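Reproduced below: upload_14.txt, with compact mmCIF, C-alpha atoms.
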# COMPACT_ATOMS: atom_id res chain seq x y z
CA VAL A 1 -16.09 16.95 0.94
CA GLY A 2 -16.10 13.66 -0.97
CA GLY A 3 -14.37 11.93 -3.84
CA GLY A 4 -17.14 10.39 -5.91
CA ASP A 5 -18.87 11.54 -9.06
CA VAL A 6 -21.48 13.38 -6.98
CA ALA A 7 -18.70 15.34 -5.25
CA MET A 8 -17.24 16.39 -8.60
CA ASP A 9 -20.70 17.37 -9.88
CA ALA A 10 -21.43 19.36 -6.70
CA ALA A 11 -18.06 21.14 -6.92
CA ARG A 12 -18.59 22.02 -10.57
CA SER A 13 -22.13 23.22 -9.85
CA ALA A 14 -20.90 25.44 -7.00
CA LEU A 15 -18.34 27.02 -9.32
CA ARG A 16 -20.92 27.57 -12.05
CA LEU A 17 -23.29 29.13 -9.52
CA GLY A 18 -20.74 31.78 -8.61
CA ALA A 19 -18.32 30.39 -6.04
CA LEU A 20 -15.00 32.15 -6.50
CA LYS A 21 -12.88 29.17 -5.49
CA VAL A 22 -13.83 25.51 -5.06
CA SER A 23 -11.78 22.63 -3.77
CA ALA A 24 -12.71 19.01 -3.22
CA HIS A 25 -11.20 16.97 -0.38
CA CYS A 26 -11.54 13.20 -0.19
CA LEU A 27 -10.30 10.37 2.02
CA GLU A 28 -9.04 8.26 -0.85
CA SER A 29 -5.63 8.50 -2.49
CA SER A 30 -5.48 9.56 -6.13
CA LYS A 31 -5.36 5.86 -7.08
CA GLU A 32 -8.44 4.99 -4.96
CA VAL A 33 -10.69 8.00 -5.55
CA PRO A 34 -14.12 6.66 -6.59
CA ALA A 35 -14.99 9.36 -9.15
CA HIS A 36 -14.47 8.49 -12.79
CA SER A 37 -11.17 9.84 -14.12
CA TRP A 38 -12.99 11.97 -16.68
CA GLU A 39 -15.13 13.56 -13.92
CA ILE A 40 -11.97 14.54 -12.05
CA ARG A 41 -10.23 15.76 -15.20
CA GLU A 42 -13.22 17.92 -16.19
CA ALA A 43 -13.52 19.34 -12.66
CA GLU A 44 -9.82 20.26 -12.66
CA GLU A 45 -10.15 21.80 -16.14
CA GLU A 46 -12.87 24.06 -14.71
CA GLY A 47 -10.49 25.19 -11.95
CA ILE A 48 -11.42 22.90 -9.07
CA THR A 49 -8.57 21.65 -6.92
CA VAL A 50 -8.89 17.99 -5.92
CA ASN A 51 -7.12 17.16 -2.65
CA CYS A 52 -6.74 13.45 -1.98
CA SER A 53 -6.05 11.66 1.32
CA TRP A 54 -7.72 14.23 3.58
CA GLY A 55 -10.61 13.49 5.93
CA PRO A 56 -12.90 16.11 7.46
CA HIS A 57 -12.26 16.59 11.18
CA ARG A 58 -14.40 19.58 12.09
CA ILE A 59 -16.21 22.52 10.56
CA ILE A 60 -15.04 25.82 12.00
CA GLY A 61 -17.70 28.41 12.63
CA GLU A 62 -17.94 31.91 14.01
CA ALA A 63 -21.10 33.86 14.84
CA GLY A 64 -23.25 31.12 13.34
CA ARG A 65 -21.42 31.10 9.99
CA VAL A 66 -18.92 28.71 8.43
CA LYS A 67 -15.37 30.05 8.47
CA GLY A 68 -13.48 26.94 7.42
CA ILE A 69 -12.98 23.24 7.75
CA GLU A 70 -10.19 21.29 9.39
CA PHE A 71 -8.91 18.18 7.63
CA VAL A 72 -6.73 15.36 8.93
CA ARG A 73 -4.40 13.36 6.69
CA CYS A 74 -5.87 9.95 5.83
CA ALA A 75 -3.15 7.31 5.64
CA GLN A 76 -5.42 4.41 4.72
CA VAL A 77 -9.08 4.11 3.75
CA PHE A 78 -9.53 0.33 3.77
CA ASP A 79 -8.10 -2.28 6.13
CA GLN A 80 -6.31 -5.45 5.03
CA ASP A 81 -9.70 -7.19 4.58
CA GLY A 82 -10.86 -4.46 2.19
CA LYS A 83 -13.38 -3.04 4.67
CA PHE A 84 -13.91 0.69 5.04
CA ASN A 85 -11.83 1.54 8.09
CA PRO A 86 -9.99 4.87 7.69
CA LEU A 87 -6.70 5.36 9.50
CA TYR A 88 -5.70 8.97 10.15
CA CYS A 89 -2.42 10.74 10.93
CA ALA A 90 -3.72 12.95 13.76
CA GLU A 91 -0.58 15.09 13.76
CA GLU A 92 -0.97 16.13 10.12
CA LYS A 93 -3.84 18.61 9.78
CA GLN A 94 -4.78 21.52 7.58
CA ILE A 95 -7.41 24.23 7.86
CA VAL A 96 -9.10 25.41 4.70
CA GLU A 97 -10.91 28.74 4.83
CA ALA A 98 -14.46 28.40 3.53
CA ASP A 99 -17.80 30.14 3.71
CA SER A 100 -19.68 27.04 2.52
CA VAL A 101 -19.19 23.30 2.93
CA ILE A 102 -20.92 20.73 0.74
CA LEU A 103 -20.84 17.18 2.11
CA THR A 104 -21.05 14.54 -0.61
CA ILE A 105 -19.73 11.56 1.28
CA GLY A 106 -21.00 8.04 0.71
CA GLN A 107 -24.11 6.98 2.50
CA SER A 108 -25.96 3.73 2.80
CA PRO A 109 -29.62 2.99 3.43
CA ASP A 110 -30.75 2.42 7.02
CA LEU A 111 -32.59 -0.89 6.85
CA SER A 112 -32.58 -1.49 10.59
CA PHE A 113 -36.37 -1.18 10.72
CA LEU A 114 -36.58 -4.27 8.49
CA GLN A 115 -34.27 -6.51 10.53
CA ASN A 116 -37.21 -8.21 12.24
CA SER A 117 -38.96 -9.02 8.98
CA PRO A 118 -38.11 -12.68 8.36
CA GLU A 119 -39.80 -12.53 4.95
CA LEU A 120 -37.23 -10.05 3.65
CA LYS A 121 -33.70 -11.15 2.83
CA ILE A 122 -31.16 -8.49 3.72
CA LEU A 123 -27.65 -9.46 2.72
CA ARG A 124 -24.64 -7.20 3.35
CA GLY A 125 -26.88 -4.18 3.96
CA VAL A 126 -28.97 -4.46 0.80
CA ILE A 127 -32.36 -5.99 0.09
CA SER A 128 -32.50 -9.17 -1.98
CA VAL A 129 -35.07 -9.20 -4.80
CA GLY A 130 -36.07 -11.40 -7.69
CA GLU A 131 -35.86 -10.50 -11.36
CA ASN A 132 -39.05 -8.42 -11.21
CA GLN A 133 -37.69 -6.59 -8.12
CA GLU A 134 -40.18 -8.23 -5.79
CA THR A 135 -38.80 -9.20 -2.40
CA ASP A 136 -39.49 -12.57 -0.77
CA MET A 137 -42.49 -10.87 0.84
CA ALA A 138 -45.38 -10.97 -1.64
CA GLY A 139 -46.37 -7.53 -2.87
CA VAL A 140 -43.26 -5.78 -1.53
CA PHE A 141 -40.90 -4.42 -4.17
CA ALA A 142 -37.62 -2.55 -3.92
CA GLY A 143 -35.54 -0.34 -6.18
CA GLY A 144 -32.62 2.04 -6.15
CA ASP A 145 -29.65 1.99 -3.79
CA VAL A 146 -31.27 -0.47 -1.35
CA LEU A 147 -30.67 -3.20 -3.94
CA GLY A 148 -26.96 -3.02 -4.53
CA GLY A 149 -25.57 -0.08 -2.64
CA ALA A 150 -24.80 3.36 -3.98
CA ALA A 151 -24.84 3.55 -7.76
CA SER A 152 -25.38 6.18 -10.39
CA VAL A 153 -28.59 8.18 -10.48
CA ILE A 154 -29.37 6.62 -13.85
CA LYS A 155 -29.13 3.09 -12.41
CA ALA A 156 -31.28 4.06 -9.42
CA ILE A 157 -33.94 5.61 -11.65
CA ALA A 158 -33.93 2.60 -14.00
CA SER A 159 -34.26 0.28 -11.01
CA GLY A 160 -37.15 2.32 -9.61
CA ARG A 161 -38.87 2.33 -12.98
CA LYS A 162 -38.50 -1.44 -13.28
CA ALA A 163 -39.98 -1.85 -9.79
CA ALA A 164 -42.85 0.53 -10.68
CA MET A 165 -43.69 -1.51 -13.77
CA ALA A 166 -43.62 -4.73 -11.72
CA ILE A 167 -45.90 -3.14 -9.11
CA ASP A 168 -48.32 -2.04 -11.84
CA LYS A 169 -48.40 -5.56 -13.26
CA TYR A 170 -48.82 -7.03 -9.76
CA LEU A 171 -51.80 -4.78 -9.12
CA GLY A 172 -53.38 -5.85 -12.40
CA GLY A 173 -52.49 -2.86 -14.52

Show me this structure written as structure tokens.
Amino acid sequence: VGGGDVAMDAARSALRLGALKVSAHCLESSKEVPAHSWEIREAEEEGITVNCSWGPHRIIGEAGRVKGIEFVRCAQVFDQDGKFNPLYCAEEKQIVEADSVILTIGQSPDLSFLQNSPELKILRGVISVGENQETDMAGVFAGGDVLGGAASVIKAIASGRKAAMAIDKYLGG
């Protein structure tokens, strides 16, 4: 479940690890799907079916095991202001038989524990840092997805490495 690059990678990995049939379902239309077009193309070439405009409604289980997942048609992912606000067609559903479900839907960092830290600037759900990745609070550095939202693993690792080097320099290394 998901339409990003991670979803395509997870689907391809499941197939390579022995799954007999793999399908990916995502909220977005084929024009909005966040995965790179080459990721989708390569997944489809490997035999993965990509189903756009379907949102997960419930996982169906029996005797403690997954039996399937019910999806609801997603008519719209973003509202007129461009904010994530899915709109579903409750009368249009489908059940997909499955013995495994891999959730690869977007997530964002929970920074609520920092909301009462006046020294830290948190804008639109991400932490604000300077060029060396130090926050406005001396000695506090940040890296990865908390800086700019979900990105590629490579960007997150590079950001973490840059923060680590700044921390080392800060500590006198």

(message) Quick one: residues within 10 Å of Lys21 of chain A, all atoms listed in the file, excluding same-chain residues fewer than 4 positions away - as a PyMOL selection string?
(response) chain A and resi 11+14-15+47-49+98

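Remark: for His57 of chain A, the closest of the candidate residues A:Ala138, A:Ala90, A:Leu17, A:Ile40 is A:Ala90 (distances computed over all atoms listed in the file).
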
(request) Name the closest residue to Gln94 of chain A among the candidates A:Gly173, A:Glu62, A:Asn51, A:Thr135; distances are taken between atoms, counting all atoms listed in the file. (result)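 Once distances to Gln94 of chain A are computed over all atoms listed in the file, the minimum belongs to A:Asn51.
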
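With atom CA of Gly4 of chain A on one side and atom CA of Gly68 of chain A on the other, the separation reads 21.6 Å.
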
(message) So that I can see what lies close to segment 157-169 of chain A, please list as an MDAnalysis selection string the residues with an atom at most 10 Å from it, counting all atoms listed in the file and leaving out residues fewer than 5 positions away in the same chain.
(response) chainID A and resid 131:134 139:145 147 152

(message) Please report the interatomic distance between atom CA of Pro86 of chain A and atom CA of Asp5 of chain A in Å with one decimal.
(response)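 We find that atom CA of Pro86 of chain A and atom CA of Asp5 of chain A lie 20.1 Å from each other.
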
(message) What's the separation between atom CA of Val33 of chain A and atom CA of Val96 of chain A, in Å to one decimal place?
(response)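 It comes out at 20.3 Å.
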
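The closest residue to Ile59 of chain A, picked from A:Ala7, A:Ala24, A:Val153, A:Val101 and counting only C-alpha atoms, is A:Val101.
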
(request) Would you please work out which residue, of A:Arg12, A:Asp99, A:Glu28, A:Gly172, is nearest to Asn85 of chain A when using only C-alpha atoms? (result)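 Using only C-alpha atoms, Asn85 of chain A sits closest to A:Glu28.
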
(message) What's around Ser37 of chain A at 12 Å? Count all atoms listed in the file, leave out sequence neighbours fewer than 5 positions away in its own chain, and write the answer as a ChimeraX atom specification.
(response) /A:3-5,8,30-32,42-44,50
